[in-house]
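structure-v8.pdb (PDB, C-alpha atoms and all ligand atoms) appears below.
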```
ATOM      1  CA  MET A   1      26.420 231.296 209.697  1.00  0.00           C
ATOM      2  CA  THR A   2      23.938 232.962 207.346  1.00  0.00           C
ATOM      3  CA  ALA A   3      20.999 231.346 205.623  1.00  0.00           C
ATOM      4  CA  VAL A   4      22.595 232.004 202.268  1.00  0.00           C
ATOM      5  CA  GLY A   5      25.702 230.146 203.324  1.00  0.00           C
ATOM      6  CA  THR A   6      23.610 227.142 204.339  1.00  0.00           C
ATOM      7  CA  LEU A   7      21.820 227.155 201.015  1.00  0.00           C
ATOM      8  CA  GLU A   8      25.065 227.301 199.144  1.00  0.00           C
ATOM      9  CA  ARG A   9      26.504 224.424 201.114  1.00  0.00           C
ATOM     10  CA  ALA A  10      23.365 222.364 200.604  1.00  0.00           C
ATOM     11  CA  SER A  11      23.197 222.960 196.863  1.00  0.00           C
ATOM     12  CA  PRO A  12      23.886 219.831 194.836  1.00  0.00           C
ATOM     13  CA  ALA A  13      26.991 219.363 192.755  1.00  0.00           C
ATOM     14  CA  PRO A  14      26.789 221.235 189.425  1.00  0.00           C
ATOM     15  CA  LEU A  15      24.888 219.303 186.802  1.00  0.00           C
ATOM     16  CA  PRO A  16      27.033 217.614 184.198  1.00  0.00           C
ATOM     17  CA  LEU A  17      26.972 219.163 180.762  1.00  0.00           C
ATOM     18  CA  ALA A  18      23.976 217.966 178.807  1.00  0.00           C
ATOM     19  CA  THR A  19      25.885 215.759 176.430  1.00  0.00           C
ATOM     20  CA  PRO A  20      23.817 213.213 174.486  1.00  0.00           C
ATOM     21  CA  GLU A  21      25.092 210.490 176.844  1.00  0.00           C
ATOM     22  CA  ALA A  22      24.085 212.479 179.934  1.00  0.00           C
ATOM     23  CA  TYR A  23      20.382 212.381 179.237  1.00  0.00           C
ATOM     24  CA  GLY A  24      20.141 209.109 177.367  1.00  0.00           C
ATOM     25  CA  HIS A  25      20.380 209.679 173.652  1.00  0.00           C
ATOM     26  CA  ASP A  26      19.214 206.133 172.917  1.00  0.00           C
ATOM     27  CA  GLN A  27      16.191 206.409 175.194  1.00  0.00           C
ATOM     28  CA  ALA A  28      15.286 209.733 173.605  1.00  0.00           C
ATOM     29  CA  LEU A  29      15.573 208.173 170.165  1.00  0.00           C
ATOM     30  CA  ASP A  30      13.321 205.277 171.184  1.00  0.00           C
ATOM     31  CA  ALA A  31      10.761 207.676 172.646  1.00  0.00           C
ATOM     32  CA  MET A  32      10.792 209.771 169.513  1.00  0.00           C
ATOM     33  CA  LEU A  33      10.396 206.726 167.249  1.00  0.00           C
ATOM     34  CA  TYR A  34       7.484 205.540 169.369  1.00  0.00           C
ATOM     35  CA  ALA A  35       5.788 208.956 169.245  1.00  0.00           C
ATOM     36  CA  VAL A  36       6.235 209.211 165.498  1.00  0.00           C
ATOM     37  CA  ARG A  37       4.707 205.750 164.943  1.00  0.00           C
ATOM     38  CA  ARG A  38       1.803 206.576 167.248  1.00  0.00           C
ATOM     39  CA  MET A  39       1.078 209.712 165.239  1.00  0.00           C
ATOM     40  CA  GLY A  40       1.054 207.678 162.055  1.00  0.00           C
ATOM     41  CA  ILE A  41       3.896 209.701 160.561  1.00  0.00           C
ATOM     42  CA  GLN A  42       5.706 207.875 157.808  1.00  0.00           C
ATOM     43  CA  ALA A  43       9.292 208.544 158.851  1.00  0.00           C
ATOM     44  CA  THR A  44      12.320 206.324 158.559  1.00  0.00           C
ATOM     45  CA  ASP A  45      14.579 205.694 161.570  1.00  0.00           C
ATOM     46  CA  ARG A  46      17.096 207.935 159.888  1.00  0.00           C
ATOM     47  CA  GLN A  47      14.649 210.826 159.569  1.00  0.00           C
ATOM     48  CA  VAL A  48      13.683 210.459 163.210  1.00  0.00           C
ATOM     49  CA  ALA A  49      17.351 210.441 164.205  1.00  0.00           C
ATOM     50  CA  THR A  50      17.796 213.660 162.231  1.00  0.00           C
ATOM     51  CA  LEU A  51      14.836 215.212 164.041  1.00  0.00           C
ATOM     52  CA  LEU A  52      16.344 214.258 167.361  1.00  0.00           C
ATOM     53  CA  SER A  53      19.745 215.666 166.455  1.00  0.00           C
ATOM     54  CA  VAL A  54      18.080 218.965 165.544  1.00  0.00           C
ATOM     55  CA  ALA A  55      16.260 218.992 168.881  1.00  0.00           C
ATOM     56  CA  GLU A  56      19.464 218.126 170.717  1.00  0.00           C
ATOM     57  CA  ARG A  57      21.362 220.935 169.066  1.00  0.00           C
ATOM     58  CA  HIS A  58      18.869 223.313 170.632  1.00  0.00           C
ATOM     59  CA  LEU A  59      18.859 221.563 174.005  1.00  0.00           C
ATOM     60  CA  LEU A  60      22.628 221.524 174.336  1.00  0.00           C
ATOM     61  CA  PRO A  61      24.311 224.517 175.929  1.00  0.00           C
ATOM     62  CA  PRO A  62      25.936 226.965 173.529  1.00  0.00           C
ATOM     63  CA  GLU A  63      29.183 225.676 172.160  1.00  0.00           C
ATOM     64  CA  THR A  64      32.284 226.738 174.010  1.00  0.00           C
ATOM     65  CA  ASP A  65      35.562 227.899 172.591  1.00  0.00           C
ATOM     66  CA  GLU A  66      37.277 224.648 173.550  1.00  0.00           C
ATOM     67  CA  GLU A  67      35.447 222.735 170.817  1.00  0.00           C
ATOM     68  CA  PRO A  68      37.155 222.629 167.469  1.00  0.00           C
ATOM     69  CA  PHE A  69      35.570 225.212 165.239  1.00  0.00           C
ATOM     70  CA  PRO A  70      34.537 223.664 161.909  1.00  0.00           C
ATOM     71  CA  HIS A  71      36.055 226.474 159.866  1.00  0.00           C
ATOM     72  CA  GLY A  72      35.587 226.318 156.128  1.00  0.00           C
ATOM     73  CA  THR A  73      32.146 224.653 156.402  1.00  0.00           C
ATOM     74  CA  MET A  74      28.540 225.870 156.400  1.00  0.00           C
ATOM     75  CA  ARG A  75      28.337 224.717 160.030  1.00  0.00           C
ATOM     76  CA  GLY A  76      31.241 226.971 160.853  1.00  0.00           C
ATOM     77  CA  TYR A  77      29.673 229.838 158.954  1.00  0.00           C
ATOM     78  CA  ARG A  78      26.392 229.453 160.836  1.00  0.00           C
ATOM     79  CA  ARG A  79      28.276 229.282 164.135  1.00  0.00           C
ATOM     80  CA  HIS A  80      29.963 232.596 163.351  1.00  0.00           C
ATOM     81  CA  ARG A  81      26.523 234.033 162.612  1.00  0.00           C
ATOM     82  CA  ARG A  82      25.073 232.687 165.858  1.00  0.00           C
ATOM     83  CA  ARG A  83      27.888 234.390 167.752  1.00  0.00           C
ATOM     84  CA  ARG A  84      27.154 237.586 165.841  1.00  0.00           C
ATOM     85  CA  GLU A  85      30.733 237.820 164.674  1.00  0.00           C
ATOM     86  CA  PRO A  86      32.043 238.241 161.126  1.00  0.00           C
ATOM     87  CA  ALA A  87      32.737 234.878 159.493  1.00  0.00           C
ATOM     88  CA  CYS A  88      36.363 234.039 158.790  1.00  0.00           C
ATOM     89  CA  GLY A  89      37.631 233.690 155.213  1.00  0.00           C
ATOM     90  CA  PRO A  90      37.307 229.884 154.872  1.00  0.00           C
ATOM     91  CA  CYS A  91      33.783 229.942 156.322  1.00  0.00           C
ATOM     92  CA  ARG A  92      32.741 232.800 154.026  1.00  0.00           C
ATOM     93  CA  GLU A  93      34.101 230.830 151.079  1.00  0.00           C
ATOM     94  CA  ALA A  94      32.130 227.730 152.163  1.00  0.00           C
ATOM     95  CA  CYS A  95      28.978 229.844 152.317  1.00  0.00           C
ATOM     96  CA  ARG A  96      29.667 231.347 148.896  1.00  0.00           C
ATOM     97  CA  LEU A  97      30.109 227.881 147.354  1.00  0.00           C
ATOM     98  CA  GLU A  98      26.947 226.628 149.055  1.00  0.00           C
ATOM     99  CA  SER A  99      24.771 229.483 147.797  1.00  0.00           C
ATOM    100  CA  ALA A 100      26.261 229.184 144.305  1.00  0.00           C
ATOM    101  CA  ALA A 101      25.330 225.488 144.313  1.00  0.00           C
ATOM    102  CA  ARG A 102      21.838 226.362 145.537  1.00  0.00           C
ATOM    103  CA  ARG A 103      21.379 228.916 142.755  1.00  0.00           C
ATOM    104  CA  LYS A 104      22.531 226.345 140.208  1.00  0.00           C
ATOM    105  CA  ARG A 105      20.046 223.773 141.563  1.00  0.00           C
ATOM    106  CA  SER A 106      17.142 226.215 141.490  1.00  0.00           C
ATOM    107  CA  ARG A 107      17.925 227.217 137.918  1.00  0.00           C
ATOM    108  CA  VAL A 108      16.782 223.754 136.802  1.00  0.00           C
ATOM    109  CA  GLN A 109      13.058 224.476 136.984  1.00  0.00           C
ATOM    110  CA  LYS A 110      10.370 221.869 136.949  1.00  0.00           C
ATOM    111  CA  PRO A 111       8.055 222.374 133.950  1.00  0.00           C
ATOM    112  CA  CYS A 112       4.368 223.222 134.276  1.00  0.00           C
ATOM    113  CA  GLY A 113       2.144 220.278 135.129  1.00  0.00           C
ATOM    114  CA  THR A 114       4.160 219.394 138.253  1.00  0.00           C
ATOM    115  CA  GLU A 115       3.638 219.992 141.954  1.00  0.00           C
ATOM    116  CA  ALA A 116       6.816 222.111 142.066  1.00  0.00           C
ATOM    117  CA  ALA A 117       5.583 224.351 139.246  1.00  0.00           C
ATOM    118  CA  TYR A 118       2.209 224.695 140.984  1.00  0.00           C
ATOM    119  CA  HIS A 119       3.939 226.117 144.050  1.00  0.00           C
ATOM    120  CA  ARG A 120       6.121 228.311 141.874  1.00  0.00           C
ATOM    121  CA  HIS A 121       2.939 229.909 140.509  1.00  0.00           C
ATOM    122  CA  LEU A 122       1.707 230.491 144.058  1.00  0.00           C
ATOM    123  CA  ARG A 123       5.024 231.969 145.183  1.00  0.00           C
ATOM    124  CA  ARG A 124       4.785 234.431 142.325  1.00  0.00           C
ATOM    125  CA  TRP A 125       1.185 235.291 143.213  1.00  0.00           C
ATOM    126  CA  GLU A 126       0.068 233.846 139.878  1.00  0.00           C
ATOM    127  CA  GLU A 127      -3.043 231.862 139.158  1.00  0.00           C
ATOM    128  CA  PRO A 128      -1.717 228.302 138.539  1.00  0.00           C
ATOM    129  CA  CYS A 129      -2.190 227.202 134.955  1.00  0.00           C
ATOM    130  CA  GLN A 130      -4.464 224.288 134.010  1.00  0.00           C
ATOM    131  CA  PRO A 131      -1.736 221.563 133.837  1.00  0.00           C
ATOM    132  CA  CYS A 132      -0.383 222.700 137.211  1.00  0.00           C
ATOM    133  CA  ARG A 133      -3.849 222.702 138.786  1.00  0.00           C
ATOM    134  CA  GLU A 134      -4.377 219.152 137.571  1.00  0.00           C
ATOM    135  CA  ALA A 135      -0.961 218.056 138.815  1.00  0.00           C
ATOM    136  CA  HIS A 136      -1.745 219.535 142.214  1.00  0.00           C
ATOM    137  CA  ARG A 137      -5.158 217.839 142.396  1.00  0.00           C
ATOM    138  CA  ALA A 138      -3.497 214.503 141.619  1.00  0.00           C
ATOM    139  CA  TYR A 139      -0.840 215.201 144.242  1.00  0.00           C
ATOM    140  CA  VAL A 140      -3.437 215.978 146.918  1.00  0.00           C
ATOM    141  CA  ARG A 141      -5.442 212.858 145.984  1.00  0.00           C
ATOM    142  CA  ALA A 142      -2.318 210.694 146.266  1.00  0.00           C
ATOM    143  CA  TYR A 143      -1.396 212.352 149.548  1.00  0.00           C
ATOM    144  CA  ARG A 144      -4.852 211.729 151.057  1.00  0.00           C
ATOM    145  CA  LYS A 145      -4.675 208.106 149.939  1.00  0.00           C
ATOM    146  CA  ARG A 146      -1.228 207.637 151.477  1.00  0.00           C
ATOM    147  CA  ARG A 147      -2.406 209.222 154.709  1.00  0.00           C
ATOM    148  CA  ALA A 148      -5.560 207.094 154.851  1.00  0.00           C
ATOM    149  CA  HIS A 149      -3.402 203.986 154.378  1.00  0.00           C
ATOM    150  CA  ALA A 150      -1.037 205.107 157.110  1.00  0.00           C
ATOM    151  CA  LEU A 151      -3.904 205.772 159.517  1.00  0.00           C
ATOM    152  CA  ALA A 152      -5.544 202.440 158.722  1.00  0.00           C
ATOM    153  CA  ALA A 153      -2.237 200.653 159.338  1.00  0.00           C
ATOM    154  CA  ALA A 154      -1.658 202.422 162.684  1.00  0.00           C
TER     155      ALA A 154
HETATM  156 ZN    ZN B   1      35.333 230.194 160.414  1.00  0.00          ZN
HETATM  157 ZN    ZN B   2       1.939 226.009 135.427  1.00  0.00          ZN
END
```
If you convert what's in this file into structure tokens, what do you get?
Amino acid sequence: MTAVGTLERASPAPLPLATPEAYGHDQALDAMLYAVRRMGIQATDRQVATLLSVAERHLLPPETDEEPFPHGTMRGYRRHRRRREPACGPCREACRLESAARRKRSRVQKPCGTEAAYHRHLRRWEEPCQPCREAHRAYVRAYRKRRAHALAAA
């Protein structure tokens, strides 16, 4: 009998797939909530759950072909992209609709004197105008105040 054979025989049973249940989704959620509170981050349970689901997506093994493919959705489109394969018709259509909706949303621009317009100036390498600079100063003041409150409450 060779050493390799011994090793193989002694190796433990293959690990179960890392499904949320397998490594304690609820415990992970509790840990994440606790960490977020400790850091004084103002996040709702829902936001923390979203964070965890993002982390889990990256922890889970790549999806296999047995899972139903969400064709005709942005998720399906992104999955095609991840697999470096051309997206199917329904998924391409979903992506087209999504980017059309995004263009429509971005066409409604916030006027000057808002935080959004301030960042628009910066994105365009422009010097922010006076109303935008004031809006940004007020935003930063409010942010610092919120953060100070959060830290004091922690
Ligand atoms: Zn598809
Ligand atoms: Zn402006």
Q. Of the candidates A:Ser99, A:Cys88, A:Phe69, A:Ile41, which one gets nearest to Arg147 (chain A) if we count all atoms listed in the file?
A.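 Nearest candidate to Arg147 (chain A) out of A:Ser99, A:Cys88, A:Phe69, A:Ile41: A:Ile41.
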Contact table chain A vs ligand ZN 2 (chain B), cut-off 9 Å, shortest pair per residue, all atoms listed in the file, as JSON lines:
```
{"residue": "A:Pro111", "atom": "CA", "partner": "B:ZN2", "partner_atom": "ZN", "distance": 7.3}
{"residue": "A:Cys112", "atom": "CA", "partner": "B:ZN2", "partner_atom": "ZN", "distance": 3.9}
{"residue": "A:Gly113", "atom": "CA", "partner": "B:ZN2", "partner_atom": "ZN", "distance": 5.7}
{"residue": "A:Thr114", "atom": "CA", "partner": "B:ZN2", "partner_atom": "ZN", "distance": 7.5}
{"residue": "A:Ala117", "atom": "CA", "partner": "B:ZN2", "partner_atom": "ZN", "distance": 5.5}
{"residue": "A:Tyr118", "atom": "CA", "partner": "B:ZN2", "partner_atom": "ZN", "distance": 5.7}
{"residue": "A:His119", "atom": "CA", "partner": "B:ZN2", "partner_atom": "ZN", "distance": 8.9}
{"residue": "A:Arg120", "atom": "CA", "partner": "B:ZN2", "partner_atom": "ZN", "distance": 8.0}
{"residue": "A:His121", "atom": "CA", "partner": "B:ZN2", "partner_atom": "ZN", "distance": 6.5}
{"residue": "A:Glu127", "atom": "CA", "partner": "B:ZN2", "partner_atom": "ZN", "distance": 8.5}
{"residue": "A:Pro128", "atom": "CA", "partner": "B:ZN2", "partner_atom": "ZN", "distance": 5.3}
{"residue": "A:Cys129", "atom": "CA", "partner": "B:ZN2", "partner_atom": "ZN", "distance": 4.3}
{"residue": "A:Gln130", "atom": "CA", "partner": "B:ZN2", "partner_atom": "ZN", "distance": 6.8}
{"residue": "A:Pro131", "atom": "CA", "partner": "B:ZN2", "partner_atom": "ZN", "distance": 6.0}
{"residue": "A:Cys132", "atom": "CA", "partner": "B:ZN2", "partner_atom": "ZN", "distance": 4.4}
{"residue": "A:Arg133", "atom": "CA", "partner": "B:ZN2", "partner_atom": "ZN", "distance": 7.5}
```
Interface rows for chain A against ligand ZN 1 (chain B): nearest pair, Å to one decimal, 12 Å, only C-alpha atoms and all ligand atoms, as a tab-separated table:
```
residue	atom	partner	partner_atom	distance
A:Pro68	CA	B:ZN1	ZN	10.5
A:Phe69	CA	B:ZN1	ZN	6.9
A:Pro70	CA	B:ZN1	ZN	6.7
A:His71	CA	B:ZN1	ZN	3.8
A:Gly72	CA	B:ZN1	ZN	5.8
A:Thr73	CA	B:ZN1	ZN	7.5
A:Met74	CA	B:ZN1	ZN	9.0
A:Arg75	CA	B:ZN1	ZN	8.9
A:Gly76	CA	B:ZN1	ZN	5.2
A:Tyr77	CA	B:ZN1	ZN	5.9
A:Arg78	CA	B:ZN1	ZN	9.0
A:Arg79	CA	B:ZN1	ZN	8.0
A:His80	CA	B:ZN1	ZN	6.6
A:Arg81	CA	B:ZN1	ZN	9.9
A:Arg82	CA	B:ZN1	ZN	11.9
A:Arg83	CA	B:ZN1	ZN	11.3
A:Glu85	CA	B:ZN1	ZN	9.9
A:Pro86	CA	B:ZN1	ZN	8.7
A:Ala87	CA	B:ZN1	ZN	5.4
A:Cys88	CA	B:ZN1	ZN	4.3
A:Gly89	CA	B:ZN1	ZN	6.7
A:Pro90	CA	B:ZN1	ZN	5.9
A:Cys91	CA	B:ZN1	ZN	4.4
A:Arg92	CA	B:ZN1	ZN	7.4
A:Glu93	CA	B:ZN1	ZN	9.4
A:Ala94	CA	B:ZN1	ZN	9.2
A:Cys95	CA	B:ZN1	ZN	10.3
```
Q. Please, what distance in Å, to one decimal, runs between CA of Arg144 (chain A) and CA of Glu115 (chain A)?
A.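 According to the coordinates, CA of Arg144 (chain A) and CA of Glu115 (chain A) are separated by 14.9 Å.
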(Q) One decimal, in Å: what's the spacing between CA of Ala150 (chain A) and CA of Arg137 (chain A)? (A)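 Spanning CA of Ala150 (chain A) to CA of Arg137 (chain A) is a straight-line distance of 19.9 Å.
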